[in-house]
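Undergrad: Can you read through this structure? Questions will come right after.
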Amino acid sequence: MIYRETGQFKSSYQADQALFPIAQDRYVIFAVLFVTFAIVPMLLNAYWLNAIVLPFLIYSLAAIGLNILTGYCGQVSLGTGGFMAVGAYSVYKLMTAFPELGFIPLVVISGFITAAVGTLFGLPSLRIKGFYLAVATLAAQFFLVWLFNKVGWFYNYNASGMINSPPMTVFGVIVTGPRGDMTAKYYLVVTLVAVSALAAKNIARGRIGRNWMAIRDMDIAAELIGVRPLIAKLSAFAVSSFFIGMAGALYFAVWLGSAEPTEAFDINQSFLVLFMIIIGGLGSILGSFLGAAFLVLMPILLKNIMVDGLGTNAALAAHIEIITVGVLIIGFLIVEPHGLARLWRIAKEKLRLWPFPH
Amino acid sequence: MLFFIEVALSGLMAGVMYSLVALGFVLIFKASGIFNFAQGVMALFAALTLVGLMEKFNFPVWLAIIGTIAVMIALAWLIERVMLRHLVNQEPIILFMATIGLAYVLEGMGDLLWGSDVKLLDIGIPQGAWDWLWDQGIYVEKLELFAAGTAAILVIFLAIFFQKTRIGRALRAVADDHQAALSVGISLHTIWVVVWSVSGIVALVAGIMWGSKSGVQFSLSLIALKALPVLILGGFTSVPGAIIGGMIIGVGEKLAEVYIGPMVGGAIENWFAYMLALAFLLFRPQGLFGEKIIERV
């Protein structure tokens, strides 16, 4: 079966507005979902799930969040690490205070808390633009990390200053901390990420998303045609922070198990997620996944090749790794500044015309 | 009162040190619109090269400085050739991310070439308290005073370079309008090499000052994060803005650390500068001395 829409007639508005209007796309999506839900947990052992799949999924969620703000609404933010910390600390406080609510609702609530904090830090965006705003969001990053370090209430006054995830269950299986069951963790995270991605995609192509894109392309013109910048910008900050907060909650509670703000949520996290959306593709949900996959896999691959394959010592390998990451990023930006999602789109266009490209 | 003056003075001096880093940012942003995140790492790299030349090859100080300047110019040429030339006309955020990639490369290269241990940098800058003020009961580091003097000389030098020389005029033309500059025959590529070289030299000065103060080590590259609030406060495009912004941030930060810090648990230096700059920005979105942002539909 050749990839094209010829012969696929749409007889209702619903069919016309479907998420994947071409049938072959739908088959691919169902196949991908089948593989992620049925094949991956059978194929991969706990080590692979923990080392690669969980961070990939969690960073994808964070990247979706940042992509909404930066890719769709055009507001560059360097505060992702700080907002992830808000998600992590809210879920920690909620888990210790209201464990009876269940883990998933707590993650969603911490997403809402982060959304509130994000909206607050989004207020300057109404007045400040471009790189001035990017640097201003660093204020959020440094302030939030400092806050979680200094104020004992956030880590329940424990002596180490770290937060440790208490065991929480979903359907009777422990999913948090080091004692959690890896397959259950995987199912939990992949479900949350899939639902979030679907929600994000639908928000982004709906009325709100169009407002965001109008603001991104030219905010004064958008204002003139009746998009309210206050609502559009702040809603972008809120929705973006909601996803980033959930990602932070999962990052801490499910993947790390324990965290300390200066290391787990420092500014490098912010840069990492920003790299993900730029390499993946600004303004694309698929791009968030591709970028996260690229940046999670690449360092592991490099390390394996150099330490295990070539036998370089660890310190030297670390230096070479950081150089390679830098070179790859620059090279990537030169070759394809619109990201992996753009490559995918080009491939699809080509495939539609194949095998008669004229 | 004496204590207040002492704190303010030391803040002022620290602020000048921030300005040294911010200057390099401003030069590059003016000439090419690139927000160069690698400026801090460039300072680290320059300082590492200087120490390396002095230690490993036993160069005398003056020769090592000249050698480092040569390295920074070569680096600027390389950056233009390999990176910037291919990124012409990209969105600012893409260029910004590319400079973060550049920061990674330089960081790894510096460690790889010269080792990642903490190094002492001593090129004969006087250290210790300044005697005359010390007699009045105020402690001021000679080194910081020296840095302030150097910054002043640097700014004068840059002003002359920008206003009086042929290449400086070309630089200002490019900063004003890329296309117009191109159409009267100014080569953008040359200009970029020049401007990255100049900011490489500024980075070397910053690296020497910070390296003499606290040793040459990785944390040196983090001063870039200290310079960012200075930048947004002073405006991305203004050299005097970088200096005055640095002073405001330095004084504000030190006073806040001493007088407000103990009330909230200390260590507020990290974010206070950003909040201060943010507060200024709410009234002047383009910074104190930045060009007024005019938008048209």
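Each chain in the structure tokens gets a letter, A, B and so on, in the order shown; residues start at 1 in every chain, and ligands are counted from 1 in the order they appear.
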List every residue of segment 67-256 of chain B that DSSP, applied to the backbone of this structure, assigns to helix (DSSP H, G or I), and report them as a PyMOL selection string.
TA: chain B and resi 67-82+84-87+92-114+131-135+142-164+166-176+178-183+188-214+218-234+239-256
Undergrad: Keeping only C-alpha atoms, write the selected residues as a short mmCIF file (atom, residue, chain, number, x, y, z; two decimals), in the first residue's frame.
TA:
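The file below, result.cif, is the result:
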```cif
data_model
loop_
_atom_site.label_atom_id
_atom_site.label_comp_id
_atom_site.auth_asym_id
_atom_site.auth_seq_id
_atom_site.Cartn_x
_atom_site.Cartn_y
_atom_site.Cartn_z
CA GLY B 67 50.47 34.05 22.52
CA THR B 68 47.01 33.89 24.10
CA ILE B 69 45.83 36.85 22.06
CA ALA B 70 47.03 35.03 18.96
CA VAL B 71 45.14 31.92 20.05
CA MET B 72 41.95 33.93 20.64
CA ILE B 73 42.22 35.53 17.20
CA ALA B 74 42.75 32.13 15.62
CA LEU B 75 39.74 30.89 17.55
CA ALA B 76 37.62 33.79 16.31
CA TRP B 77 38.63 33.02 12.74
CA LEU B 78 37.80 29.37 13.24
CA ILE B 79 34.41 30.15 14.80
CA GLU B 80 33.52 32.39 11.89
CA ARG B 81 34.71 29.88 9.32
CA VAL B 82 33.17 26.75 10.77
CA LEU B 84 28.84 31.52 11.89
CA ARG B 85 29.31 31.51 8.13
CA HIS B 86 26.84 28.65 7.84
CA LEU B 87 24.33 30.14 10.22
CA PRO B 92 18.39 34.44 16.91
CA ILE B 93 17.47 31.46 19.07
CA ILE B 94 19.26 29.06 16.70
CA LEU B 95 22.40 31.20 16.89
CA PHE B 96 22.05 31.35 20.66
CA MET B 97 21.86 27.56 20.90
CA ALA B 98 24.86 27.25 18.59
CA THR B 99 26.89 29.37 21.02
CA ILE B 100 25.86 27.04 23.84
CA GLY B 101 27.23 24.20 21.71
CA LEU B 102 30.36 26.29 21.25
CA ALA B 103 30.58 26.69 25.02
CA TYR B 104 30.57 22.88 25.39
CA VAL B 105 33.29 22.50 22.78
CA LEU B 106 35.53 25.16 24.32
CA GLU B 107 35.01 23.79 27.81
CA GLY B 108 36.00 20.28 26.74
CA MET B 109 38.92 21.58 24.68
CA GLY B 110 40.28 23.66 27.53
CA ASP B 111 40.17 20.72 29.90
CA LEU B 112 41.58 18.35 27.31
CA LEU B 113 44.49 20.61 26.39
CA TRP B 114 45.45 22.07 29.74
CA ASP B 131 47.08 50.58 52.32
CA TRP B 132 45.81 54.13 52.08
CA LEU B 133 42.13 53.21 52.44
CA TRP B 134 43.00 50.47 54.93
CA ASP B 135 44.34 53.21 57.21
CA LYS B 142 44.32 46.09 45.21
CA LEU B 143 43.48 43.49 42.59
CA GLU B 144 39.94 44.80 42.23
CA LEU B 145 41.19 48.33 42.01
CA PHE B 146 43.56 47.20 39.30
CA ALA B 147 40.67 45.51 37.52
CA ALA B 148 38.64 48.71 37.68
CA GLY B 149 41.55 50.63 36.19
CA THR B 150 41.97 48.06 33.46
CA ALA B 151 38.28 48.18 32.66
CA ALA B 152 38.45 51.94 32.34
CA ILE B 153 41.45 51.71 29.99
CA LEU B 154 39.70 48.99 28.03
CA VAL B 155 36.57 51.10 27.58
CA ILE B 156 38.62 54.11 26.45
CA PHE B 157 40.52 51.88 24.04
CA LEU B 158 37.29 50.41 22.69
CA ALA B 159 35.71 53.85 22.34
CA ILE B 160 38.70 55.08 20.31
CA PHE B 161 38.68 51.90 18.28
CA PHE B 162 34.99 52.26 17.49
CA GLN B 163 34.94 55.99 16.86
CA LYS B 164 38.25 56.81 15.23
CA ARG B 166 38.35 52.73 9.79
CA ILE B 167 37.46 49.26 10.93
CA GLY B 168 35.61 50.66 13.94
CA ARG B 169 33.45 52.72 11.61
CA ALA B 170 32.72 49.60 9.60
CA LEU B 171 31.76 47.83 12.83
CA ARG B 172 29.31 50.56 13.71
CA ALA B 173 27.86 50.45 10.23
CA VAL B 174 27.27 46.71 10.55
CA ALA B 175 25.72 47.16 13.97
CA ASP B 176 23.35 49.71 12.49
CA HIS B 178 23.66 44.58 8.06
CA GLN B 179 22.26 44.96 4.58
CA ALA B 180 23.17 48.59 4.15
CA ALA B 181 26.69 47.80 5.34
CA LEU B 182 26.96 44.97 2.84
CA SER B 183 25.76 47.19 0.02
CA LEU B 188 30.53 40.87 7.02
CA HIS B 189 32.86 37.91 7.43
CA THR B 190 35.87 40.10 8.20
CA ILE B 191 33.84 42.18 10.59
CA TRP B 192 32.72 39.10 12.47
CA VAL B 193 36.27 37.81 12.79
CA VAL B 194 37.35 41.21 14.08
CA VAL B 195 34.53 41.50 16.57
CA TRP B 196 34.97 37.96 17.89
CA SER B 197 38.71 38.60 18.20
CA VAL B 198 38.11 41.80 20.14
CA SER B 199 35.68 40.08 22.45
CA GLY B 200 38.16 37.22 22.76
CA ILE B 201 40.72 39.75 23.99
CA VAL B 202 38.15 41.24 26.36
CA ALA B 203 37.50 37.68 27.54
CA LEU B 204 41.25 37.29 28.14
CA VAL B 205 41.28 40.42 30.31
CA ALA B 206 38.27 39.13 32.24
CA GLY B 207 39.91 35.72 32.55
CA ILE B 208 43.13 37.25 33.91
CA MET B 209 41.28 39.30 36.50
CA TRP B 210 38.99 36.51 37.67
CA GLY B 211 41.77 33.94 37.45
CA SER B 212 44.08 36.05 39.62
CA LYS B 213 41.28 36.52 42.09
CA SER B 214 40.04 32.97 42.54
CA PHE B 218 35.78 25.46 35.71
CA SER B 219 33.66 27.75 37.88
CA LEU B 220 35.22 30.66 36.00
CA SER B 221 32.88 29.94 33.11
CA LEU B 222 29.89 30.46 35.41
CA ILE B 223 30.63 34.19 35.63
CA ALA B 224 28.74 34.36 32.36
CA LEU B 225 25.62 33.76 34.43
CA LYS B 226 26.64 36.70 36.61
CA ALA B 227 27.07 38.88 33.56
CA LEU B 228 23.61 38.19 32.13
CA PRO B 229 21.65 40.34 34.60
CA VAL B 230 24.23 43.06 34.03
CA LEU B 231 23.45 42.83 30.35
CA ILE B 232 19.70 43.04 30.57
CA LEU B 233 19.98 45.85 33.07
CA GLY B 234 22.37 47.88 30.94
CA VAL B 239 29.02 49.57 26.20
CA PRO B 240 28.45 52.21 28.90
CA GLY B 241 25.37 50.18 29.85
CA ALA B 242 27.56 47.17 30.55
CA ILE B 243 29.80 49.19 32.86
CA ILE B 244 27.06 51.05 34.73
CA GLY B 245 24.85 47.97 34.83
CA GLY B 246 27.74 46.03 36.33
CA MET B 247 28.19 48.64 39.03
CA ILE B 248 24.48 48.72 39.90
CA ILE B 249 24.30 44.94 40.03
CA GLY B 250 27.51 44.67 42.04
CA VAL B 251 26.49 47.21 44.66
CA GLY B 252 22.90 45.98 44.85
CA GLU B 253 23.98 42.39 45.20
CA LYS B 254 26.52 43.03 47.95
CA LEU B 255 24.19 45.31 49.93
CA ALA B 256 21.36 42.79 49.62
#
```
Undergrad: Would you kindly return, as a ChimeraX atom specification, each protein, DNA or RNA residue with an atom no farther than 12 Å from any atom of Lys348 of chain A, considering only C-alpha atoms and excluding same-chain residues fewer than 3 positions away?
TA: /A:2-5,22,24-25,341-345,351-354
Undergrad: So that I can see what lies close to segment 135-140 of chain A, please list as a list of chain:residue names the residues with an atom at most 6 Å from it, counting only C-alpha atoms and leaving out residues fewer than 6 positions away in the same chain.
TA: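 Near neighbours after the sequence-gap exclusion: A:Ser77, A:Leu78, A:Gly79, B:Trp271, B:Tyr274.
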Undergrad: Interatomic distance between atom CA of Ala23 of chain A and atom CA of Leu198 of chain A?
TA: 17.8 Å
Undergrad: Find the residues around Leu224 of chain A up to 12 Å (only C-alpha atoms counted), leave out those fewer than 6 positions away in its own chain, and share them as a list in words.
TA: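 Close residues of Leu224 of chain A: Ala214, Ile215 and Met218 of chain A; Arg296 and Val297 of chain B.
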Undergrad: Report, in Å to a single decimal, how far apart atom CA of Ile277 of chain A and atom CA of Ile300 of chain A are.
TA: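 Atom-to-atom, atom CA of Ile300 of chain A and atom CA of Ile277 of chain A are spaced 19.1 Å apart.
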Undergrad: Counting only C-alpha atoms, which residues in chain A sit no more than 7 Å from chain B? For each one, give the nearest pair of atoms and the distance in Å, sorted by chain then residue number, as CSV.
TA:
```
residue,atom,partner,partner_atom,distance
A:Arg127,CA,B:Leu282,CA,6.5
A:Ile128,CA,B:Pro285,CA,5.3
A:Tyr132,CA,B:Ile232,CA,5.9
A:Val135,CA,B:Leu228,CA,6.7
A:Ala136,CA,B:Leu278,CA,6.1
A:Ala139,CA,B:Tyr274,CA,5.1
A:Phe142,CA,B:Trp271,CA,5.2
A:Phe143,CA,B:Trp271,CA,5.4
A:Lys150,CA,B:Gly265,CA,6.5
A:Ile220,CA,B:Val297,CA,6.5
A:Ala221,CA,B:Val297,CA,5.8
A:His319,CA,B:Gly108,CA,4.8
A:Ile320,CA,B:Gly108,CA,6.6
A:Ile322,CA,B:Gly108,CA,5.8
A:Ile323,CA,B:Val105,CA,4.3
A:Gly326,CA,B:Gly101,CA,4.1
A:Val327,CA,B:Val105,CA,6.5
A:Ile329,CA,B:Gly101,CA,5.7
A:Ile330,CA,B:Ala98,CA,5.2
A:Leu333,CA,B:Ala98,CA,6.8
A:Ile334,CA,B:Leu87,CA,6.0
A:Pro337,CA,B:Ile94,CA,6.9
```
Undergrad: List the neighbours of segment 101-111 of chain A out to 9 Å using only C-alpha atoms; skip same-chain residues closer than 4 positions along the sequence, and give me the result as an MDAnalysis selection string.
TA: chainID A and resid 86:91 94:95 115:116 168:170 175:176 188 192 241:250
Undergrad: What does the distance between atom CA of Ala63 of chain A and atom CA of Val273 of chain A come to in Å, to one decimal place?
TA: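 Spanning atom CA of Ala63 of chain A to atom CA of Val273 of chain A is a straight-line distance of 5.7 Å.
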Undergrad: Counting only C-alpha atoms, which residues in segment 168-274 of chain A sit no more than 7 Å from segment 47-60 of chain A? For each one, give the nearest pair of atoms and the distance in Å, sorted by chain then residue number, as a Markdown table.
TA:
```
| residue | atom | partner | partner_atom | distance |
| --- | --- | --- | --- | --- |
| A:Tyr186 | CA | A:Leu54 | CA | 6.7 |
| A:Val190 | CA | A:Leu57 | CA | 6.7 |
| A:Val193 | CA | A:Leu57 | CA | 6.8 |
| A:Ala247 | CA | A:Ile58 | CA | 5.5 |
| A:Leu250 | CA | A:Ile58 | CA | 6.8 |
| A:Tyr251 | CA | A:Ile58 | CA | 6.3 |
| A:Trp255 | CA | A:Leu54 | CA | 6.7 |
```
Undergrad: Show me, as a PyMOL selection string, the residues that have an atom within 7 Å of Ala232 of chain A when counting only C-alpha atoms, minus same-chain residues fewer than 3 positions from it.
TA: chain A and resi 211-212+228-229+235-236
Undergrad: Since we have the selection now, will you write its residues out, keeping N, CA and C atoms, as a compact mmCIF listing (two decimals), in the first residue's frame?
TA:
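So again-v2.txt came out as:
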```txt
# COMPACT_ATOMS: atom_id res chain seq x y z
N ASN A 211 -4.12 31.16 18.66
CA ASN A 211 -3.78 32.44 19.30
C ASN A 211 -2.29 32.50 19.62
N TRP A 212 -1.80 31.39 20.18
CA TRP A 212 -0.37 31.36 20.53
C TRP A 212 0.48 31.61 19.30
N ARG A 228 -5.98 38.46 22.52
CA ARG A 228 -5.59 39.20 23.71
C ARG A 228 -4.25 38.67 24.22
N PRO A 229 -3.18 39.50 24.18
CA PRO A 229 -1.86 38.99 24.55
C PRO A 229 -1.79 38.53 25.99
N SER A 235 -1.73 31.96 29.22
CA SER A 235 -2.21 30.58 29.07
C SER A 235 -1.10 29.69 28.53
N ALA A 236 -0.25 30.24 27.66
CA ALA A 236 0.88 29.44 27.18
C ALA A 236 1.79 29.09 28.34
```
